[in-house]
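Structure first, commentary second.
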Amino acid sequence: MPRMIRLAAAQLGAIHITDSRSHVVGRMITLLESAASQAVQVVLFPELAFTTFFPRYIIHNEQQLKAWYEHGDVTINADTRPLFDKAKELKIDISVGYAEATEDGQHFNTCIYFSGREGRVLSKYRKVHIPGTFEPDDDPDAVNHLEKRYFKPGDLGFQAFRVPGLEAQGPPVERGEPIFGMMICNDRRWAESWRVLGLQGVEIVLCGFNTPAFAPHTRSSLDKDPEQSERMALFHHKLVMQAHSYTNATYSVAAARSGYDDGKYKLIAGSCIIDPEGVLLAESKTLGDELVVADCDLELCRQGKGKTFAFDRHRRTEHYGRIVAQTGVVEPPRIGPSGA
Ligand code: CDV
């Protein structure tokens with residue numbers, strides 16, 4: 001019996017340093033309205049969706065830095081509230097990323113799942129794998145990625161959660177409500193993020209991202225040519241989304257911030273929806289604002305979860321100790337000469 005759900009990735013094109021939150025929220029509402037007109041049930045917006053990707057800048061002034069974060073409840077703040085009000089009006093669920101400043105002064109790269117049908121946040125996730133550096137590169141021409149300066153590693157873990165009500169638009173669900181999980185950008189490159197969600201039976205992974213098209217100082221000094229660098233960035237993005245969807249038998253949705261931020265810093269597009277066999281169902285065609293939609297039958301997750309990746313039958317945890325015992329590499333000793 002199919003369990004159908006219509007999902008969308010809402011890609012957001014360039015956002016400039018001078019663009020107000022209200023302006024960006026207006027663009028997000030346009031995408032949300034388009035999603036509602038296509039009967040989409042859940043829309044994923046990107047990582048740090050409300051502003052330009054500010055961690056590329058070194059910001060010393062405390063007041064200026066403070067202005068990049070959302071303080072208090074993002075669903076009711078004056079600038080961002082219209083997005084959540086629109087989701088409620090349209091009865092559509094959204095997941096959106098933002099820079100969170102907590103009451104006690106901590107900073108996280110966060111996303112929430114907001115149910116428009118219920119008018120409340122069902123789950124919050126704080127990015128665990130924080131890439132980049134704390135200090136800017138010595139090279140004055142480097143494109144910096146200073147997330148380690150501006151965000152602490154998330155403290156909420158990878159918590160899967162059920163979303164009530166979504167099955168209402170399909171036939172009765174034998175196994176219950178869909179199981180979602182969230183991760184943010186760099187998390188998608190780590191098998192551990194996916195497996196922790198996979199071990200909770202996740203059926204839909206949501207992942208907003210900001211991936212520079214050309215960042216030889218942060219990502220790979222192999223790619224000196226901007227076009228080759230962008231090709232490889234897209235290749236690696238799809239490689240990890242497809243491979244980890246397959247090995248955890250889950251759908252996944254990835255939503256990009258893309259285009260030339262601030263007129264010059266190119267971010268890749270590649271917003272996409274992948275099925276549990278690792279097949280790319282739909283992907284963005286532009287660098288701008290764009291909705292990527294796919295109908296997903298959650299029953300398809302059963303194939304992998306029950307056979308090749310039936311974790312309870314095939315995993316051998318007695319051999320996985322290093323994964324949690326160690327962060328860096330410990331190489332094996334050299335084998336001495338034979339006969340020694
Ligand atoms: N926002 C990110 O987490 N970006 C990283 C870059 C720095 C490699 C990514 O994994 O796409």
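Chain labels A, B, ... are given in the sequence in which chains occur in the structure tokens; within each chain residues are numbered consecutively from 1, and ligands are likewise numbered from 1 in the order shown.
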
For ligand 1, list the contacting residues at 9 Å or closer, counting only C-alpha atoms and all ligand atoms, as a PDB file with N, CA and C atoms, in the first residue's frame.
```
ATOM      1  N   GLU A  47      20.110  26.236   4.658  1.00  0.00           N
ATOM      2  CA  GLU A  47      20.878  26.626   5.843  1.00  0.00           C
ATOM      3  C   GLU A  47      20.991  28.162   5.871  1.00  0.00           C
ATOM      4  N   LEU A  48      20.952  28.760   7.049  1.00  0.00           N
ATOM      5  CA  LEU A  48      21.130  30.220   7.209  1.00  0.00           C
ATOM      6  C   LEU A  48      20.369  30.971   6.111  1.00  0.00           C
ATOM      7  N   PHE A  53      25.531  34.551   3.412  1.00  0.00           N
ATOM      8  CA  PHE A  53      26.323  33.610   4.220  1.00  0.00           C
ATOM      9  C   PHE A  53      27.421  34.411   4.946  1.00  0.00           C
ATOM     10  N   PRO A  55      29.343  33.978   7.520  1.00  0.00           N
ATOM     11  CA  PRO A  55      30.624  33.453   8.012  1.00  0.00           C
ATOM     12  C   PRO A  55      31.781  33.566   7.014  1.00  0.00           C
ATOM     13  N   LYS A 127      23.516  22.312  14.049  1.00  0.00           N
ATOM     14  CA  LYS A 127      24.573  21.695  13.225  1.00  0.00           C
ATOM     15  C   LYS A 127      25.720  21.160  14.090  1.00  0.00           C
ATOM     16  N   HIS A 129      28.574  19.169  12.764  1.00  0.00           N
ATOM     17  CA  HIS A 129      29.885  19.262  12.113  1.00  0.00           C
ATOM     18  C   HIS A 129      30.082  20.682  11.578  1.00  0.00           C
ATOM     19  N   ILE A 130      30.896  21.443  12.308  1.00  0.00           N
ATOM     20  CA  ILE A 130      31.114  22.852  11.948  1.00  0.00           C
ATOM     21  C   ILE A 130      32.415  22.943  11.146  1.00  0.00           C
ATOM     22  N   PRO A 131      32.310  23.254   9.851  1.00  0.00           N
ATOM     23  CA  PRO A 131      33.528  23.251   9.019  1.00  0.00           C
ATOM     24  C   PRO A 131      34.262  24.598   9.068  1.00  0.00           C
ATOM     25  N   GLY A 132      35.362  24.648   8.318  1.00  0.00           N
ATOM     26  CA  GLY A 132      36.096  25.906   8.166  1.00  0.00           C
ATOM     27  C   GLY A 132      37.062  26.147   9.304  1.00  0.00           C
ATOM     28  N   ASN A 144      37.118  33.031   2.755  1.00  0.00           N
ATOM     29  CA  ASN A 144      37.138  32.425   4.085  1.00  0.00           C
ATOM     30  C   ASN A 144      35.835  31.714   4.409  1.00  0.00           C
ATOM     31  N   HIS A 145      35.951  30.772   5.335  1.00  0.00           N
ATOM     32  CA  HIS A 145      34.761  30.063   5.812  1.00  0.00           C
ATOM     33  C   HIS A 145      34.943  29.964   7.324  1.00  0.00           C
ATOM     34  N   LEU A 146      34.386  30.948   8.046  1.00  0.00           N
ATOM     35  CA  LEU A 146      34.719  31.122   9.466  1.00  0.00           C
ATOM     36  C   LEU A 146      33.626  30.599  10.399  1.00  0.00           C
ATOM     37  N   GLU A 147      33.025  29.483  10.003  1.00  0.00           N
ATOM     38  CA  GLU A 147      31.946  28.943  10.854  1.00  0.00           C
ATOM     39  C   GLU A 147      32.438  28.599  12.258  1.00  0.00           C
ATOM     40  N   ILE A 184      22.497  19.615   8.660  1.00  0.00           N
ATOM     41  CA  ILE A 184      22.781  20.886   7.987  1.00  0.00           C
ATOM     42  C   ILE A 184      24.116  20.786   7.250  1.00  0.00           C
ATOM     43  N   CYS A 185      24.060  21.029   5.986  1.00  0.00           N
ATOM     44  CA  CYS A 185      25.202  21.185   5.074  1.00  0.00           C
ATOM     45  C   CYS A 185      26.348  20.198   5.313  1.00  0.00           C
ATOM     46  N   ASN A 186      27.407  20.621   6.013  1.00  0.00           N
ATOM     47  CA  ASN A 186      28.590  19.768   6.141  1.00  0.00           C
ATOM     48  C   ASN A 186      28.268  18.418   6.780  1.00  0.00           C
ATOM     49  N   ASP A 187      27.211  18.351   7.598  1.00  0.00           N
ATOM     50  CA  ASP A 187      26.813  17.073   8.221  1.00  0.00           C
ATOM     51  C   ASP A 187      26.592  15.984   7.178  1.00  0.00           C
ATOM     52  N   ARG A 188      26.154  16.405   5.956  1.00  0.00           N
ATOM     53  CA  ARG A 188      25.800  15.390   4.955  1.00  0.00           C
ATOM     54  C   ARG A 188      27.017  14.618   4.458  1.00  0.00           C
ATOM     55  N   ARG A 189      28.206  15.148   4.703  1.00  0.00           N
ATOM     56  CA  ARG A 189      29.429  14.471   4.228  1.00  0.00           C
ATOM     57  C   ARG A 189      29.882  13.379   5.195  1.00  0.00           C
ATOM     58  N   GLY A 208      19.534  21.448   4.526  1.00  0.00           N
ATOM     59  CA  GLY A 208      19.785  22.730   3.851  1.00  0.00           C
ATOM     60  C   GLY A 208      21.286  22.971   3.779  1.00  0.00           C
ATOM     61  N   PHE A 209      21.753  23.661   2.721  1.00  0.00           N
ATOM     62  CA  PHE A 209      23.204  23.832   2.605  1.00  0.00           C
ATOM     63  C   PHE A 209      23.612  25.132   1.907  1.00  0.00           C
ATOM     64  N   ASN A 210      24.881  25.503   2.174  1.00  0.00           N
ATOM     65  CA  ASN A 210      25.589  26.611   1.502  1.00  0.00           C
ATOM     66  C   ASN A 210      26.950  26.054   1.129  1.00  0.00           C
ATOM     67  N   THR A 211      27.161  25.699  -0.099  1.00  0.00           N
ATOM     68  CA  THR A 211      28.461  25.135  -0.487  1.00  0.00           C
ATOM     69  C   THR A 211      29.120  26.026  -1.525  1.00  0.00           C
ATOM     70  N   PRO A 212      30.269  26.616  -1.167  1.00  0.00           N
ATOM     71  CA  PRO A 212      30.957  27.480  -2.138  1.00  0.00           C
ATOM     72  C   PRO A 212      31.358  26.699  -3.383  1.00  0.00           C
ATOM     73  N   ALA A 215      36.473  27.210  -3.422  1.00  0.00           N
ATOM     74  CA  ALA A 215      37.011  27.531  -2.096  1.00  0.00           C
ATOM     75  C   ALA A 215      38.269  26.723  -1.861  1.00  0.00           C
ATOM     76  N   THR A 218      39.520  26.282   1.725  1.00  0.00           N
ATOM     77  CA  THR A 218      38.713  25.547   2.704  1.00  0.00           C
ATOM     78  C   THR A 218      38.560  24.094   2.323  1.00  0.00           C
ATOM     79  N   ARG A 219      38.304  23.855   1.029  1.00  0.00           N
ATOM     80  CA  ARG A 219      37.847  22.527   0.648  1.00  0.00           C
ATOM     81  C   ARG A 219      38.926  21.669   0.024  1.00  0.00           C
ATOM     82  N   SER A 220      39.419  22.116  -1.104  1.00  0.00           N
ATOM     83  CA  SER A 220      40.396  21.270  -1.780  1.00  0.00           C
ATOM     84  C   SER A 220      41.331  22.125  -2.600  1.00  0.00           C
ATOM     85  N   ALA A 233      32.463  20.088  -6.631  1.00  0.00           N
ATOM     86  CA  ALA A 233      31.609  20.384  -5.460  1.00  0.00           C
ATOM     87  C   ALA A 233      30.215  19.789  -5.661  1.00  0.00           C
ATOM     88  N   HIS A 237      28.617  16.644  -3.565  1.00  0.00           N
ATOM     89  CA  HIS A 237      27.318  16.883  -2.910  1.00  0.00           C
ATOM     90  C   HIS A 237      26.339  15.755  -3.270  1.00  0.00           C
TER      91      HIS A 237
END
```

Which neighbours of Gln41 in chain A fall inside 7 Å, counting only C-alpha atoms, when residues of the same chain fewer than 5 positions from it are skipped, and could you give them as a VMD selection string? chain A and resid 5 to 7 92 to 93

CA of His16 in chain A to CA of Phe50 in chain A, distance in Å rounded to a single decimal: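 Value for the CA of His16 in chain A-CA of Phe50 in chain A distance: 10.6 Å.
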
Extract, using only C-alpha atoms, all DNA, RNA and protein residues at most 10 Å from range 262-269 of chain A, discarding same-chain residues fewer than 6 positions from it, and format them as a PyMOL selection string. chain A and resi 11-19+52-53+56+143+209-215+226+230-231+233-234+237+254-256+283-290

Counting only C-alpha atoms, what is within 10 Å of Gly157 in chain A, bar same-chain residues fewer than 6 positions away, as a list of chain:residue names?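 Near Gly157 in chain A, the qualifying residues are A:Lys124, A:Tyr125, A:Arg126, A:Lys127, A:Val128, A:Met183, A:Ser193, A:Val196, A:Leu197.
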
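Comparing the minimum interatomic distances between Tyr246 in chain A and each of A:Gly154, A:Pro216, A:Gly278, A:Gly336, counting only C-alpha atoms, we find that A:Gly278 sits nearest.
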
Measure the distance from CA of Glu70 in chain A to CA of Gln106 in chain A in Å and round it to one decimal.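 CA of Glu70 in chain A sits 11.5 Å away from CA of Gln106 in chain A.
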
If you count only C-alpha atoms, which residues fall within 10 Å of Ser95 in chain A, apart from same-chain ones fewer than 4 positions away, as a VMD selection string? chain A and resid 9 to 10 42 to 47 111 to 115 121 to 124 182 206 to 208

Check the DSSP output for the backbone and give back, as a count of residues only, the residues of range 34-111 of chain A in helix (DSSP H, G or I). 22

Which residue gives the smallest distance to Glu135 in chain A among A:Phe158, A:Phe108, A:Trp190, A:Tyr57, with only C-alpha atoms counted?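 The closest residue to Glu135 in chain A is A:Tyr57.
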
Calculated over only C-alpha atoms, which of the candidates A:Lys238, A:His314, A:Arg302, A:Arg322 has the smallest distance to Cys272 in chain A? A:Lys238

Can you list, as a PyMOL selection string, every protein, DNA or RNA residue that comes within 8 Å of Lys91 in chain A when you count only C-alpha atoms, leaving out same-chain residues fewer than 6 positions away? chain A and resi 115-118

Running DSSP on the backbone, which parts of range 12-252 of chain A land in strand (DSSP E or B), as a ChimeraX atom specification? /A:12,42-44,70-71,93-101,107-115,120-126,161-162,179-184,204-209,212,251-252

Would you mind listing what lies within 8 Å of Ala99 in chain A as a PDB file with all heavy atoms, in the first residue's frame, with only C-alpha atoms counted and same-chain residues fewer than 2 positions away left out?
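Now in out08.pdb:
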```pdb
ATOM      1  N   LEU A  48      20.952  28.760   7.049  1.00  0.00           N
ATOM      2  CA  LEU A  48      21.130  30.220   7.209  1.00  0.00           C
ATOM      3  C   LEU A  48      20.369  30.971   6.111  1.00  0.00           C
ATOM      4  O   LEU A  48      20.949  31.739   5.340  1.00  0.00           O
ATOM      5  CB  LEU A  48      22.624  30.592   7.177  1.00  0.00           C
ATOM      6  CG  LEU A  48      23.536  29.922   8.207  1.00  0.00           C
ATOM      7  CD1 LEU A  48      24.981  30.336   8.001  1.00  0.00           C
ATOM      8  CD2 LEU A  48      23.111  30.233   9.644  1.00  0.00           C
ATOM      9  N   TRP A  68      23.609  39.561  12.855  1.00  0.00           N
ATOM     10  CA  TRP A  68      23.471  38.436  11.920  1.00  0.00           C
ATOM     11  C   TRP A  68      22.690  37.262  12.514  1.00  0.00           C
ATOM     12  O   TRP A  68      22.294  36.347  11.805  1.00  0.00           O
ATOM     13  CB  TRP A  68      24.846  37.939  11.457  1.00  0.00           C
ATOM     14  CG  TRP A  68      25.514  38.923  10.542  1.00  0.00           C
ATOM     15  CD1 TRP A  68      26.588  39.716  10.849  1.00  0.00           C
ATOM     16  CD2 TRP A  68      25.146  39.233   9.202  1.00  0.00           C
ATOM     17  NE1 TRP A  68      26.901  40.500   9.774  1.00  0.00           N
ATOM     18  CE2 TRP A  68      26.042  40.228   8.748  1.00  0.00           C
ATOM     19  CE3 TRP A  68      24.150  38.784   8.329  1.00  0.00           C
ATOM     20  CZ2 TRP A  68      25.969  40.769   7.467  1.00  0.00           C
ATOM     21  CZ3 TRP A  68      24.079  39.319   7.052  1.00  0.00           C
ATOM     22  CH2 TRP A  68      24.977  40.299   6.637  1.00  0.00           C
ATOM     23  N   TYR A  69      22.497  37.280  13.834  1.00  0.00           N
ATOM     24  CA  TYR A  69      21.813  36.148  14.488  1.00  0.00           C
ATOM     25  C   TYR A  69      20.337  36.468  14.728  1.00  0.00           C
ATOM     26  O   TYR A  69      19.948  37.628  14.819  1.00  0.00           O
ATOM     27  CB  TYR A  69      22.472  35.848  15.840  1.00  0.00           C
ATOM     28  CG  TYR A  69      23.908  35.385  15.710  1.00  0.00           C
ATOM     29  CD1 TYR A  69      24.956  36.287  15.811  1.00  0.00           C
ATOM     30  CD2 TYR A  69      24.209  34.051  15.499  1.00  0.00           C
ATOM     31  CE1 TYR A  69      26.283  35.879  15.689  1.00  0.00           C
ATOM     32  CE2 TYR A  69      25.526  33.625  15.376  1.00  0.00           C
ATOM     33  CZ  TYR A  69      26.555  34.541  15.469  1.00  0.00           C
ATOM     34  OH  TYR A  69      27.860  34.131  15.349  1.00  0.00           O
ATOM     35  N   GLU A  70      19.545  35.397  14.867  1.00  0.00           N
ATOM     36  CA  GLU A  70      18.151  35.554  15.282  1.00  0.00           C
ATOM     37  C   GLU A  70      18.132  35.391  16.804  1.00  0.00           C
ATOM     38  O   GLU A  70      18.606  34.380  17.332  1.00  0.00           O
ATOM     39  CB  GLU A  70      17.247  34.486  14.636  1.00  0.00           C
ATOM     40  CG  GLU A  70      17.418  34.335  13.133  1.00  0.00           C
ATOM     41  CD  GLU A  70      17.176  35.636  12.370  1.00  0.00           C
ATOM     42  OE1 GLU A  70      16.287  36.405  12.758  1.00  0.00           O
ATOM     43  OE2 GLU A  70      17.898  35.875  11.376  1.00  0.00           O
ATOM     44  N   GLY A  97      16.604  26.966   8.035  1.00  0.00           N
ATOM     45  CA  GLY A  97      17.838  27.155   8.793  1.00  0.00           C
ATOM     46  C   GLY A  97      18.072  28.619   9.128  1.00  0.00           C
ATOM     47  O   GLY A  97      17.727  29.505   8.348  1.00  0.00           O
ATOM     48  N   ALA A 101      20.978  32.765  18.241  1.00  0.00           N
ATOM     49  CA  ALA A 101      21.647  33.265  19.455  1.00  0.00           C
ATOM     50  C   ALA A 101      20.741  32.908  20.623  1.00  0.00           C
ATOM     51  O   ALA A 101      19.568  33.293  20.641  1.00  0.00           O
ATOM     52  CB  ALA A 101      21.832  34.771  19.383  1.00  0.00           C
ATOM     53  N   HIS A 107      25.917  30.594  20.339  1.00  0.00           N
ATOM     54  CA  HIS A 107      25.560  30.737  18.922  1.00  0.00           C
ATOM     55  C   HIS A 107      25.594  29.380  18.226  1.00  0.00           C
ATOM     56  O   HIS A 107      26.592  28.666  18.299  1.00  0.00           O
ATOM     57  CB  HIS A 107      26.544  31.686  18.224  1.00  0.00           C
ATOM     58  CG  HIS A 107      26.426  33.095  18.715  1.00  0.00           C
ATOM     59  ND1 HIS A 107      27.452  34.008  18.609  1.00  0.00           N
ATOM     60  CD2 HIS A 107      25.393  33.752  19.315  1.00  0.00           C
ATOM     61  CE1 HIS A 107      27.054  35.160  19.119  1.00  0.00           C
ATOM     62  NE2 HIS A 107      25.815  35.032  19.556  1.00  0.00           N
ATOM     63  N   PHE A 108      24.500  29.052  17.579  1.00  0.00           N
ATOM     64  CA  PHE A 108      24.407  27.774  16.861  1.00  0.00           C
ATOM     65  C   PHE A 108      23.912  28.007  15.441  1.00  0.00           C
ATOM     66  O   PHE A 108      23.180  28.969  15.161  1.00  0.00           O
ATOM     67  CB  PHE A 108      23.424  26.835  17.572  1.00  0.00           C
ATOM     68  CG  PHE A 108      23.857  26.408  18.942  1.00  0.00           C
ATOM     69  CD1 PHE A 108      23.262  26.957  20.075  1.00  0.00           C
ATOM     70  CD2 PHE A 108      24.864  25.463  19.109  1.00  0.00           C
ATOM     71  CE1 PHE A 108      23.658  26.570  21.337  1.00  0.00           C
ATOM     72  CE2 PHE A 108      25.265  25.069  20.382  1.00  0.00           C
ATOM     73  CZ  PHE A 108      24.655  25.624  21.506  1.00  0.00           C
ATOM     74  N   ASN A 109      24.312  27.084  14.556  1.00  0.00           N
ATOM     75  CA  ASN A 109      23.801  27.053  13.181  1.00  0.00           C
ATOM     76  C   ASN A 109      22.633  26.054  13.235  1.00  0.00           C
ATOM     77  O   ASN A 109      22.845  24.849  13.327  1.00  0.00           O
ATOM     78  CB  ASN A 109      24.925  26.582  12.248  1.00  0.00           C
ATOM     79  CG  ASN A 109      24.546  26.683  10.788  1.00  0.00           C
ATOM     80  OD1 ASN A 109      23.367  26.682  10.453  1.00  0.00           O
ATOM     81  ND2 ASN A 109      25.548  26.722   9.931  1.00  0.00           N
ATOM     82  N   THR A 110      21.431  26.567  13.194  1.00  0.00           N
ATOM     83  CA  THR A 110      20.245  25.811  13.626  1.00  0.00           C
ATOM     84  C   THR A 110      19.225  25.656  12.508  1.00  0.00           C
ATOM     85  O   THR A 110      19.192  26.469  11.570  1.00  0.00           O
ATOM     86  CB  THR A 110      19.615  26.581  14.819  1.00  0.00           C
ATOM     87  OG1 THR A 110      20.567  26.612  15.873  1.00  0.00           O
ATOM     88  CG2 THR A 110      18.324  25.977  15.318  1.00  0.00           C
TER      89      THR A 110
END
```

With distances taken over only C-alpha atoms, the candidate from A:Ile94, A:Val202, A:Met232, A:Ala325 nearest Pro276 in chain A is A:Val202

Between A:Val293, A:Pro164, A:Asp261, A:Ala191, which residue has the minimum interatomic distance to His244 in chain A, considering only C-alpha atoms?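 Using only C-alpha atoms, the shortest distance to His244 in chain A belongs to A:Ala191.
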